[in-house]
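Chemist: So I've got this file, start_0.csv, and it contains CSV, C-alpha atoms:
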chain,number,residue,atom,x,y,z
Y,1,MET,CA,0.0,0.0,0.0
Y,2,SER,CA,1.4,3.4,-1.0
Y,3,GLN,CA,2.0,6.3,1.3
Y,4,THR,CA,-1.0,8.1,-0.2
Y,5,GLU,CA,-3.2,5.3,1.0
Y,6,THR,CA,-3.1,6.6,4.5
Y,7,ARG,CA,-4.3,10.1,4.0
Y,8,SER,CA,-7.9,10.9,4.6
Y,9,ARG,CA,-10.2,9.9,1.8
Y,10,ARG,CA,-13.6,10.7,3.1
Y,11,PRO,CA,-15.3,13.6,1.4
Y,12,GLU,CA,-15.3,16.5,3.8
Y,13,PRO,CA,-18.8,17.3,5.2
Y,14,ALA,CA,-20.6,20.3,3.8
Y,15,ARG,CA,-20.0,23.3,6.0
Y,16,PRO,CA,-20.2,27.1,5.8
Y,17,GLY,CA,-17.6,28.5,3.4
Y,18,ARG,CA,-17.2,25.2,1.5
Y,19,PRO,CA,-20.5,24.7,-0.2
Y,20,ARG,CA,-19.0,24.4,-3.7
Y,21,SER,CA,-16.6,21.7,-2.7
Y,22,ALA,CA,-19.2,19.7,-0.9
Y,23,ARG,CA,-21.5,20.0,-3.9
Y,24,ALA,CA,-18.7,18.7,-6.2
Y,25,ASP,CA,-18.1,15.7,-3.9
Y,26,GLU,CA,-21.7,14.9,-3.9
Y,27,ALA,CA,-21.9,15.1,-7.7
Y,28,ILE,CA,-18.9,12.9,-8.1
Y,29,LEU,CA,-20.2,10.2,-5.7
Y,30,GLN,CA,-23.6,10.2,-7.5
Y,31,ALA,CA,-21.9,10.1,-10.9
Y,32,THR,CA,-19.9,7.1,-9.7
Y,33,LEU,CA,-23.1,5.3,-8.6
Y,34,GLU,CA,-24.9,6.0,-11.8
Y,35,LEU,CA,-22.0,4.6,-13.8
Y,36,LEU,CA,-21.8,1.6,-11.5
Y,37,ALA,CA,-25.5,0.9,-12.1
Y,38,GLU,CA,-25.1,1.3,-15.8
Y,39,GLU,CA,-21.8,-0.1,-16.7
Y,40,ALA,CA,-21.2,-3.5,-15.4
Y,41,GLY,CA,-18.5,-3.6,-12.8
Y,42,VAL,CA,-15.4,-1.8,-11.7
Y,43,ALA,CA,-13.6,-2.3,-15.0
Y,44,GLY,CA,-16.3,-0.1,-16.7
Y,45,ILE,CA,-15.6,2.9,-14.5
Y,46,SER,CA,-12.8,5.5,-15.1
Y,47,MET,CA,-12.0,8.7,-13.3
Y,48,GLU,CA,-12.4,10.5,-16.7
Y,49,ALA,CA,-16.0,9.1,-17.1
Y,50,VAL,CA,-16.9,10.0,-13.5
Y,51,ALA,CA,-15.6,13.6,-14.0
Y,52,ALA,CA,-17.5,14.0,-17.2
Y,53,ARG,CA,-20.7,12.7,-15.7
Y,54,ALA,CA,-20.4,14.9,-12.7
Y,55,GLY,CA,-19.6,17.9,-14.7
Y,56,VAL,CA,-16.3,18.6,-13.0
Y,57,GLY,CA,-12.7,18.6,-14.1
Y,58,LYS,CA,-10.7,15.4,-13.7
Y,59,SER,CA,-8.3,17.2,-11.3
Y,60,THR,CA,-11.3,17.9,-9.0
Y,61,VAL,CA,-11.9,14.1,-8.7
Y,62,TYR,CA,-8.2,13.3,-8.2
Y,63,ARG,CA,-7.9,16.1,-5.6
Y,64,ARG,CA,-10.2,14.0,-3.3
Y,65,TRP,CA,-9.7,10.4,-4.4
Y,66,PRO,CA,-6.3,9.0,-5.5
Y,67,ASN,CA,-7.8,6.2,-7.6
Y,68,LYS,CA,-11.1,4.7,-8.7
Y,69,GLU,CA,-11.1,1.9,-6.1
Y,70,ARG,CA,-11.2,4.4,-3.3
Y,71,LEU,CA,-13.9,6.5,-5.0
Y,72,ILE,CA,-16.0,3.4,-5.5
Y,73,VAL,CA,-15.8,2.4,-1.9
Y,74,ASP,CA,-17.0,5.9,-0.8
Y,75,ALA,CA,-19.7,5.8,-3.4
Y,76,LEU,CA,-21.0,2.4,-2.1
Y,77,ALA,CA,-20.8,3.8,1.5
Y,78,ALA,CA,-22.9,6.8,0.4
Y,79,LEU,CA,-25.5,4.4,-1.1
Y,80,LYS,CA,-26.2,2.9,2.3
Y,81,ARG,CA,-28.1,5.0,4.7
Y,82,PRO,CA,-26.5,5.0,8.2
Y,83,LEU,CA,-28.0,2.4,10.5
Y,84,PRO,CA,-30.0,4.0,13.3
Y,85,ASP,CA,-28.3,4.5,16.6
Y,86,PRO,CA,-29.7,1.8,18.8
Y,87,ALA,CA,-32.0,3.5,21.3
Y,88,GLY,CA,-30.8,1.2,24.1
Y,89,GLY,CA,-34.3,-0.1,25.0
Y,90,SER,CA,-34.9,-3.8,24.7
Y,91,VAL,CA,-32.7,-5.9,22.5
Y,92,ARG,CA,-35.7,-6.8,20.5
Y,93,ASP,CA,-36.5,-3.1,19.8
Y,94,ASP,CA,-33.0,-2.3,18.8
Y,95,LEU,CA,-32.6,-5.4,16.5
Y,96,LEU,CA,-35.9,-4.7,14.9
Y,97,ALA,CA,-34.9,-1.1,14.2
Y,98,LEU,CA,-31.7,-2.3,12.6
Y,99,ALA,CA,-33.3,-5.0,10.6
Y,100,GLU,CA,-36.0,-2.7,9.3
Y,101,ALA,CA,-33.4,-0.1,8.3
Y,102,MET,CA,-31.5,-2.8,6.4
Y,103,CYS,CA,-34.7,-3.8,4.6
Y,104,ARG,CA,-35.5,-0.2,3.6
Y,105,GLU,CA,-32.2,0.5,2.0
Y,106,ARG,CA,-32.7,-2.3,-0.5
Y,107,SER,CA,-33.6,-1.1,-3.9
Y,108,ALA,CA,-33.0,-2.0,-7.5
Y,109,LYS,CA,-30.2,0.6,-7.8
Y,110,HIS,CA,-28.6,-0.5,-4.5
Y,111,GLY,CA,-28.5,-4.1,-5.6
Y,112,ARG,CA,-27.3,-3.3,-9.1
Y,113,CYS,CA,-24.4,-1.2,-7.9
Y,114,LEU,CA,-23.4,-3.6,-5.2
Y,115,TRP,CA,-23.6,-6.7,-7.4
Y,116,ASN,CA,-21.8,-5.0,-10.3
Y,117,VAL,CA,-18.9,-4.3,-8.0
Y,118,LEU,CA,-18.9,-7.5,-6.0
Y,119,GLY,CA,-19.3,-9.7,-9.1
Y,120,GLY,CA,-15.8,-8.7,-10.2
Y,121,ALA,CA,-14.4,-8.1,-6.7
Y,122,ASP,CA,-12.1,-11.0,-6.7
Y,123,LYS,CA,-10.1,-9.1,-9.3
Y,124,TYR,CA,-9.9,-6.2,-6.9
Y,125,PRO,CA,-9.0,-7.7,-3.5
Y,126,GLU,CA,-7.9,-4.3,-2.1
Y,127,LEU,CA,-11.2,-2.7,-3.0
Y,128,LEU,CA,-13.2,-5.6,-1.5
Y,129,ALA,CA,-11.1,-5.6,1.7
Y,130,ARG,CA,-11.5,-1.8,2.0
Y,131,TYR,CA,-15.3,-2.1,1.4
Y,132,HIS,CA,-15.6,-4.6,4.2
Y,133,ARG,CA,-13.3,-2.7,6.6
Y,134,GLU,CA,-14.9,0.7,6.0
Y,135,VAL,CA,-18.5,0.0,5.1
Y,136,ILE,CA,-19.5,-3.5,6.3
Y,137,GLU,CA,-17.6,-3.9,9.5
Y,138,PRO,CA,-18.8,-0.7,11.2
Y,139,ARG,CA,-22.3,-1.7,10.5
Y,140,ARG,CA,-21.8,-5.2,11.9
Y,141,GLU,CA,-20.2,-3.6,14.9
Y,142,ILE,CA,-23.4,-1.7,15.7
Y,143,ILE,CA,-25.3,-5.0,15.7
Y,144,ARG,CA,-22.5,-6.7,17.7
Y,145,ARG,CA,-22.8,-4.0,20.5
Y,146,VAL,CA,-26.5,-4.6,20.8
Y,147,LEU,CA,-26.0,-8.3,21.1
Y,148,ARG,CA,-23.2,-8.0,23.6
Y,149,ARG,CA,-25.3,-5.6,25.7
Y,150,GLY,CA,-28.1,-8.1,25.6
Y,151,VAL,CA,-25.8,-10.7,27.1
Y,152,GLU,CA,-24.7,-8.3,29.8
Y,153,THR,CA,-28.2,-7.4,30.8
Y,154,GLY,CA,-29.3,-11.0,30.8
Y,155,GLU,CA,-31.8,-10.6,27.9
Y,156,LEU,CA,-29.7,-12.9,25.8
Y,157,ARG,CA,-28.2,-16.3,26.6
Y,158,ALA,CA,-24.7,-16.1,28.2
Y,159,ASP,CA,-23.2,-18.5,25.6
Y,160,LEU,CA,-24.6,-16.6,22.7
Y,161,ASP,CA,-22.7,-17.0,19.4
Y,162,VAL,CA,-22.6,-13.4,18.4
Y,163,GLU,CA,-21.0,-13.8,15.0
Y,164,ALA,CA,-23.4,-16.6,13.9
Y,165,ALA,CA,-26.3,-14.4,15.0
Y,166,ILE,CA,-25.0,-11.5,13.0
Y,167,GLU,CA,-24.6,-13.7,9.9
Y,168,MET,CA,-28.2,-14.8,10.2
Y,169,LEU,CA,-29.7,-11.4,10.8
Y,170,VAL,CA,-27.7,-9.6,8.1
Y,171,GLY,CA,-27.9,-12.6,5.7
Y,172,ALA,CA,-31.7,-12.8,5.9
Y,173,MET,CA,-32.1,-9.0,5.3
Y,174,THR,CA,-29.6,-9.1,2.4
Y,175,LEU,CA,-31.0,-12.2,0.7
Y,176,GLN,CA,-34.4,-10.7,0.0
Y,177,SER,CA,-33.0,-8.1,-2.3
Y,178,ARG,CA,-32.4,-10.9,-4.8
Y,179,ALA,CA,-36.0,-11.9,-5.1
Y,180,PRO,CA,-38.0,-10.9,-8.1
Y,181,ALA,CA,-40.8,-8.4,-7.5
Y,182,ALA,CA,-43.4,-11.2,-7.8
Y,183,THR,CA,-41.9,-13.0,-4.8
Y,184,ALA,CA,-41.0,-10.0,-2.8
Y,185,PRO,CA,-40.6,-10.8,0.9
Y,186,PRO,CA,-43.5,-10.1,3.2
Y,187,GLU,CA,-43.7,-6.6,4.8
Y,188,ASP,CA,-43.2,-8.0,8.3
Y,189,LEU,CA,-40.1,-10.1,7.4
Y,190,ALA,CA,-37.8,-8.0,9.6
Y,191,GLU,CA,-40.0,-8.7,12.6
Y,192,ARG,CA,-40.4,-12.4,11.9
Y,193,VAL,CA,-36.7,-12.8,11.5
Y,194,VAL,CA,-35.8,-11.0,14.7
Y,195,ASP,CA,-38.4,-13.0,16.6
Y,196,THR,CA,-37.2,-16.3,15.2
Y,197,LEU,CA,-33.7,-15.3,16.0
Y,198,LEU,CA,-34.6,-14.2,19.6
Y,199,ARG,CA,-36.4,-17.4,20.4
Y,200,GLY,CA,-33.1,-18.9,19.7
Y,201,ILE,CA,-30.9,-16.5,21.6
Y,202,ALA,CA,-33.1,-15.2,24.3
Y,203,ALA,CA,-32.0,-16.5,27.7
D,1,MET,CA,-45.0,-15.9,-23.0
D,2,SER,CA,-44.8,-17.6,-26.4
D,3,GLN,CA,-45.8,-21.2,-27.1
D,4,THR,CA,-42.2,-22.3,-27.3
D,5,GLU,CA,-41.8,-21.3,-23.7
D,6,THR,CA,-43.6,-24.4,-22.6
D,7,ARG,CA,-41.5,-27.0,-24.3
D,8,SER,CA,-38.8,-28.8,-22.3
D,9,ARG,CA,-35.7,-26.7,-22.0
D,10,ARG,CA,-33.5,-28.8,-19.8
D,11,PRO,CA,-30.5,-30.4,-21.6
D,12,GLU,CA,-31.3,-34.1,-22.0
D,13,PRO,CA,-29.3,-36.3,-19.8
D,14,ALA,CA,-26.4,-38.2,-21.3
D,15,ARG,CA,-27.5,-41.6,-22.4
D,16,PRO,CA,-26.2,-44.4,-24.7
D,17,GLY,CA,-26.6,-43.3,-28.3
D,18,ARG,CA,-26.5,-39.6,-27.6
D,19,PRO,CA,-23.0,-38.9,-26.2
D,20,ARG,CA,-22.2,-36.2,-28.7
D,21,SER,CA,-25.3,-34.2,-28.0
D,22,ALA,CA,-24.7,-34.4,-24.2
D,23,ARG,CA,-21.1,-33.3,-24.7
D,24,ALA,CA,-22.3,-30.3,-26.8
D,25,ASP,CA,-24.8,-29.3,-24.1
D,26,GLU,CA,-22.1,-29.5,-21.4
D,27,ALA,CA,-19.7,-27.4,-23.6
D,28,ILE,CA,-22.4,-24.8,-24.2
D,29,LEU,CA,-23.3,-24.5,-20.5
D,30,GLN,CA,-19.6,-24.2,-19.5
D,31,ALA,CA,-19.0,-21.6,-22.2
D,32,THR,CA,-21.9,-19.6,-20.9
D,33,LEU,CA,-20.5,-19.7,-17.4
D,34,GLU,CA,-17.1,-18.7,-18.6
D,35,LEU,CA,-18.5,-15.7,-20.5
D,36,LEU,CA,-20.7,-14.8,-17.5
D,37,ALA,CA,-17.7,-14.8,-15.3
D,38,GLU,CA,-15.6,-12.7,-17.8
D,39,GLU,CA,-18.1,-10.3,-19.3
D,40,ALA,CA,-20.1,-8.4,-16.8
D,41,GLY,CA,-23.7,-9.4,-17.0
D,42,VAL,CA,-26.4,-10.7,-19.2
D,43,ALA,CA,-25.9,-7.9,-21.8
D,44,GLY,CA,-22.4,-9.1,-22.5
D,45,ILE,CA,-23.6,-12.6,-23.5
D,46,SER,CA,-24.8,-13.5,-27.0
D,47,MET,CA,-25.8,-16.9,-28.5
D,48,GLU,CA,-23.0,-16.3,-31.1
D,49,ALA,CA,-20.3,-15.8,-28.5
D,50,VAL,CA,-21.5,-18.9,-26.6
D,51,ALA,CA,-21.4,-21.0,-29.7
D,52,ALA,CA,-17.9,-19.8,-30.7
D,53,ARG,CA,-16.6,-20.4,-27.2
D,54,ALA,CA,-18.1,-23.9,-27.0
D,55,GLY,CA,-16.8,-24.8,-30.5
D,56,VAL,CA,-20.3,-25.6,-31.8
D,57,GLY,CA,-22.5,-24.1,-34.5
D,58,LYS,CA,-25.1,-21.5,-33.5
D,59,SER,CA,-27.9,-23.8,-34.6
D,60,THR,CA,-26.7,-26.4,-32.0
D,61,VAL,CA,-27.3,-23.8,-29.3
D,62,TYR,CA,-30.6,-22.7,-30.6
D,63,ARG,CA,-31.8,-26.3,-31.0
D,64,ARG,CA,-31.7,-26.7,-27.3
D,65,TRP,CA,-32.3,-23.1,-26.0
D,66,PRO,CA,-34.6,-20.6,-27.7
D,67,ASN,CA,-32.9,-17.6,-26.2
D,68,LYS,CA,-30.0,-16.5,-24.0
D,69,GLU,CA,-32.1,-15.9,-20.9
D,70,ARG,CA,-33.1,-19.6,-20.8
D,71,LEU,CA,-29.5,-20.7,-21.5
D,72,ILE,CA,-28.2,-18.5,-18.6
D,73,VAL,CA,-30.7,-19.9,-16.1
D,74,ASP,CA,-29.7,-23.5,-17.0
D,75,ALA,CA,-26.0,-22.5,-16.8
D,76,LEU,CA,-26.6,-21.0,-13.3
D,77,ALA,CA,-28.4,-24.2,-12.3
D,78,ALA,CA,-25.5,-26.3,-13.5
D,79,LEU,CA,-23.2,-24.1,-11.4
D,80,LYS,CA,-24.9,-25.2,-8.2
D,81,ARG,CA,-24.3,-28.7,-7.1
D,82,PRO,CA,-27.5,-30.5,-6.1
D,83,LEU,CA,-28.3,-30.2,-2.4
D,84,PRO,CA,-28.0,-33.5,-0.6
D,85,ASP,CA,-31.1,-35.5,-0.2
D,86,PRO,CA,-31.9,-35.2,3.5
D,87,ALA,CA,-31.1,-38.5,5.2
D,88,GLY,CA,-34.2,-38.1,7.4
D,89,GLY,CA,-32.3,-38.5,10.7
D,90,SER,CA,-32.4,-35.7,13.2
D,91,VAL,CA,-33.4,-32.2,11.9
D,92,ARG,CA,-30.0,-31.0,13.1
D,93,ASP,CA,-28.2,-33.5,11.0
D,94,ASP,CA,-30.2,-32.7,7.9
D,95,LEU,CA,-30.0,-29.0,8.3
D,96,LEU,CA,-26.2,-29.2,8.9
D,97,ALA,CA,-25.7,-31.3,5.7
D,98,LEU,CA,-27.7,-28.8,3.7
D,99,ALA,CA,-25.8,-25.8,5.2
D,100,GLU,CA,-22.5,-27.4,4.6
D,101,ALA,CA,-23.4,-28.1,1.0
D,102,MET,CA,-24.4,-24.5,0.5
D,103,CYS,CA,-21.0,-23.5,2.1
D,104,ARG,CA,-19.0,-25.8,-0.2
D,105,GLU,CA,-20.5,-24.5,-3.4
D,106,ARG,CA,-19.4,-21.0,-2.8
D,107,SER,CA,-16.4,-20.0,-4.9
D,108,ALA,CA,-15.1,-17.0,-6.7
D,109,LYS,CA,-16.4,-18.3,-10.0
D,110,HIS,CA,-19.8,-19.0,-8.5
D,111,GLY,CA,-20.1,-15.6,-6.9
D,112,ARG,CA,-18.9,-13.8,-10.0
D,113,CYS,CA,-21.4,-15.5,-12.3
D,114,LEU,CA,-24.2,-15.0,-10.0
D,115,TRP,CA,-23.5,-11.4,-9.2
D,116,ASN,CA,-22.9,-10.5,-12.8
D,117,VAL,CA,-26.3,-11.8,-13.6
D,118,LEU,CA,-28.2,-10.6,-10.6
D,119,GLY,CA,-26.5,-7.1,-10.8
D,120,GLY,CA,-28.5,-6.4,-14.0
D,121,ALA,CA,-31.4,-8.7,-13.3
D,122,ASP,CA,-34.0,-5.9,-12.8
D,123,LYS,CA,-33.6,-5.4,-16.6
D,124,TYR,CA,-34.4,-9.0,-17.2
D,125,PRO,CA,-37.4,-9.8,-14.9
D,126,GLU,CA,-38.4,-12.9,-16.8
D,127,LEU,CA,-34.8,-14.3,-16.3
D,128,LEU,CA,-34.9,-13.5,-12.6
D,129,ALA,CA,-38.4,-15.0,-12.1
D,130,ARG,CA,-37.3,-18.2,-14.0
D,131,TYR,CA,-34.1,-18.4,-12.0
D,132,HIS,CA,-36.1,-18.2,-8.7
D,133,ARG,CA,-38.7,-20.7,-9.9
D,134,GLU,CA,-36.4,-23.3,-11.4
D,135,VAL,CA,-33.2,-23.0,-9.3
D,136,ILE,CA,-33.8,-21.2,-6.0
D,137,GLU,CA,-37.3,-22.4,-5.1
D,138,PRO,CA,-36.7,-26.2,-5.5
D,139,ARG,CA,-33.7,-25.8,-3.1
D,140,ARG,CA,-35.7,-23.9,-0.6
D,141,GLU,CA,-38.4,-26.6,-0.8
D,142,ILE,CA,-35.8,-29.2,0.4
D,143,ILE,CA,-35.1,-27.1,3.5
D,144,ARG,CA,-38.8,-26.4,3.9
D,145,ARG,CA,-39.6,-30.2,4.0
D,146,VAL,CA,-36.9,-30.8,6.6
D,147,LEU,CA,-38.4,-28.0,8.8
D,148,ARG,CA,-42.0,-29.2,8.4
D,149,ARG,CA,-41.0,-32.7,9.2
D,150,GLY,CA,-39.3,-31.4,12.4
D,151,VAL,CA,-42.6,-29.7,13.4
D,152,GLU,CA,-44.4,-33.0,12.8
D,153,THR,CA,-42.0,-35.1,14.8
D,154,GLY,CA,-42.0,-32.5,17.6
D,155,GLU,CA,-38.3,-31.7,17.2
D,156,LEU,CA,-39.2,-28.2,16.3
D,157,ARG,CA,-41.6,-25.8,17.9
D,158,ALA,CA,-45.2,-26.1,16.7
D,159,ASP,CA,-45.5,-22.3,15.9
D,160,LEU,CA,-42.2,-22.3,13.8
D,161,ASP,CA,-42.0,-19.6,11.2
D,162,VAL,CA,-40.7,-21.8,8.4
D,163,GLU,CA,-40.1,-19.0,5.9
D,164,ALA,CA,-38.2,-16.8,8.3
D,165,ALA,CA,-36.0,-19.7,9.3
D,166,ILE,CA,-35.2,-20.5,5.7
D,167,GLU,CA,-34.2,-16.8,5.1
D,168,MET,CA,-31.9,-16.9,8.0
D,169,LEU,CA,-30.2,-20.2,7.1
D,170,VAL,CA,-29.8,-19.5,3.4
D,171,GLY,CA,-29.0,-15.9,4.1
D,172,ALA,CA,-26.2,-16.7,6.5
D,173,MET,CA,-24.7,-19.3,4.1
D,174,THR,CA,-25.0,-16.9,1.1
D,175,LEU,CA,-23.6,-13.8,2.8
D,176,GLN,CA,-20.2,-15.3,3.5
D,177,SER,CA,-19.4,-15.6,-0.2
D,178,ARG,CA,-19.1,-11.8,-0.2
D,179,ALA,CA,-16.3,-11.7,2.3
D,180,PRO,CA,-12.8,-11.1,1.2
D,181,ALA,CA,-10.4,-13.9,1.6
D,182,ALA,CA,-8.8,-12.2,4.6
D,183,THR,CA,-12.0,-12.3,6.6
D,184,ALA,CA,-13.2,-15.7,5.3
D,185,PRO,CA,-15.8,-17.2,7.7
D,186,PRO,CA,-14.7,-19.8,10.1
D,187,GLU,CA,-14.7,-23.5,9.0
D,188,ASP,CA,-17.4,-24.3,11.4
D,189,LEU,CA,-19.8,-21.5,10.5
D,190,ALA,CA,-22.5,-23.9,9.1
D,191,GLU,CA,-22.6,-25.8,12.4
D,192,ARG,CA,-22.6,-22.6,14.5
D,193,VAL,CA,-25.5,-21.1,12.4
D,194,VAL,CA,-27.5,-24.3,12.5
D,195,ASP,CA,-27.1,-24.5,16.3
D,196,THR,CA,-27.9,-20.9,16.8
D,197,LEU,CA,-31.0,-21.3,14.6
D,198,LEU,CA,-32.0,-24.5,16.5
D,199,ARG,CA,-31.8,-23.0,19.9
D,200,GLY,CA,-34.5,-20.7,18.6
D,201,ILE,CA,-36.7,-23.1,16.9
D,202,ALA,CA,-36.3,-26.3,18.9
D,203,ALA,CA,-39.4,-27.1,20.8
Write the structure described by the file as structure tokens, please.
Modeler:
Amino acid sequence: MSQTETRSRRPEPARPGRPRSARADEAILQATLELLAEEAGVAGISMEAVAARAGVGKSTVYRRWPNKERLIVDALAALKRPLPDPAGGSVRDDLLALAEAMCRERSAKHGRCLWNVLGGADKYPELLARYHREVIEPRREIIRRVLRRGVETGELRADLDVEAAIEMLVGAMTLQSRAPAATAPPEDLAERVVDTLLRGIAA
Amino acid sequence: MSQTETRSRRPEPARPGRPRSARADEAILQATLELLAEEAGVAGISMEAVAARAGVGKSTVYRRWPNKERLIVDALAALKRPLPDPAGGSVRDDLLALAEAMCRERSAKHGRCLWNVLGGADKYPELLARYHREVIEPRREIIRRVLRRGVETGELRADLDVEAAIEMLVGAMTLQSRAPAATAPPEDLAERVVDTLLRGIAA
């Protein structure tokens, strides 16, 4: 990994005095997502094409992102809405809020972007590793904290297999995005999955 | 849907007297998978390219498959090894055998083909519907039968939410194929997931 890999790569948040820069960042991320949804995969994306689609100069893109892999990870991160901060009530309420948020963020565009990237991701191991580290893992950590808290409060069994439970919850919420419209999952799937999971893990 | 949609589209099984035809079918399906893994998505595949890659005439492809959507669904079906026939011992043994089989079939090629197709699948609703009907649903039905038998024998709770349990089991086994090699799931994930699921659904 080069030295430049360590510098901050997140778009700076919009703030007074820098509206133009924030707007450019947003346009660049959206252009990347549009191209990801249209072109199939990482190979179909170039910094030039992103700049052209966003209506900015190529140097504006490079000023923030050193390469397209970094840009794509940030674009995928922007695609996911942040998971809600667990309210800290019952474990069931917190898991349900998280599961429902995962359900809501599924869309045709979301799936297309993600699959177009992940379909070729074995050719881009650094991109895949970064995506997991920066996008997936922080989300799993939110669920992990809820489960661990549940063990501490006695709501969940003391010998809970936290990682297996996360796989099942996230897996069930992710799987449904593959279904054709005709066999879309029921509205109450998040609740049914959480309750089925809890009956297994509740102390 | 045209009349031709109703005729049999499965490649005929190899049998004495038709070895050449069976070999051609196999070559065509493998060529389709190779192209799916290389080109990104359904749009990148043509009957011409498949015929050329398989070393057969275009008419040989069309003789068996009326269009590329049908061919792609059969190729994806060939990519999945059949799930083991549940032995009918304990529900835990049967679920574990199914989960481990789902684990084993995950590979870079498998994921790439599947994601390259599913990434653009909202543009091909008939392909997606057929894939679910002919490939996914029969596999889910095998799991469903094991769960229902478990309810009948009293191994599983009477009010079991069968569909939610299937989502969790299949979801957890599917999710792991997205992980980069560095964060590959533990060897015993199938067992841990089945046991976590059972503690929820065991009567």
Chemist: Would you mind telling me which residue in Y:Ala31, Y:Ser90, Y:Ala77, Y:Asn116 lies nearest to Y:Gly44 when using all atoms listed in the file?
Modeler: Y:Asn116
Chemist: Out of Y:Arg139, Y:Arg148, Y:His132, Y:Lys68, which residue has the shortest atom-to-atom distance to chain D when counting all atoms listed in the file?
Modeler: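 Smallest separation from chain D among the options: Y:His132.
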Chemist: For a test of reading the model, state the distance in Å between atom CA of D:Asp161 and atom CA of D:Val146, rounded to one decimal.
Modeler: 13.1 Å
Chemist: Find, counting only C-alpha atoms, the residue in Y:Arg112, Y:Glu126, Y:Pro82, Y:Asp25 that gets nearest to Y:Ala37.
Modeler: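 Distance minimum relative to Y:Ala37 lands on Y:Arg112.
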Chemist: Which is closest to chain Y among D:Leu33, D:Val151, D:Ala99, D:Leu118, if we use all atoms listed in the file?
Modeler: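 When distances to chain Y are compared using all atoms listed in the file, the smallest one comes from D:Leu118.
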Chemist: Could you name the residues that touch Y:Thr32 at 7 Å or less, counting all atoms listed in the file, but leaving out those on the same chain fewer than 5 positions away, as a ChimeraX atom specification?
Modeler: /Y:50,72,75
Chemist: Pick from Y:Ala87, Y:Leu36, Y:Ala78, Y:Leu96: nearest to chain D, with all atoms listed in the file counted?
Modeler: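 Once distances to chain D are computed over all atoms listed in the file, the minimum belongs to Y:Leu36.
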Chemist: Just checking: using all atoms listed in the file, which residue out of D:Val73, D:Ile142, D:Leu98, D:Ala43 ends up closest to chain Y?
Modeler: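 For chain Y, the nearest of the given residues is D:Ala43.
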Chemist: Which residues are near D:Met173? Cut-off 10 Å, all atoms listed in the file, ignore same chain within fewer than 2 positions. Put them as a list of chain:residue names.
Modeler: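 In the requested format, the answer is Y:Glu167, Y:Met168, Y:Gly171, Y:Ala172, D:Leu98, D:Ala99, D:Glu100, D:Ala101, D:Met102, D:Cys103, D:Arg104, D:Arg106, D:Glu167, D:Met168, D:Leu169, D:Val170, D:Gly171, D:Leu175, D:Gln176, D:Ser177, D:Pro185, D:Leu189, D:Ala190, D:Val193.
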Chemist: What separation in Å, quoted to one decimal, exists between atom CA of Y:Arg70 and atom CA of Y:Arg130?
Modeler: 8.2 Å
Chemist: Fewer than 6 positions away in the same chain doesn't count, so skip those; otherwise give me all residues within 12 Å of Y:Glu34, counting all atoms listed in the file, as a ChimeraX atom specification.
Modeler: /Y:27-28,40-41,44-45,49-50,53-54,72,75-76,79,109-110,112-114,116
Chemist: Have a look at atom CA of Y:Ile166 and atom CA of D:Thr174 and let me know their distance in Å, one decimal.
Modeler: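 Value for the atom CA of Y:Ile166-atom CA of D:Thr174 distance: 13.1 Å.
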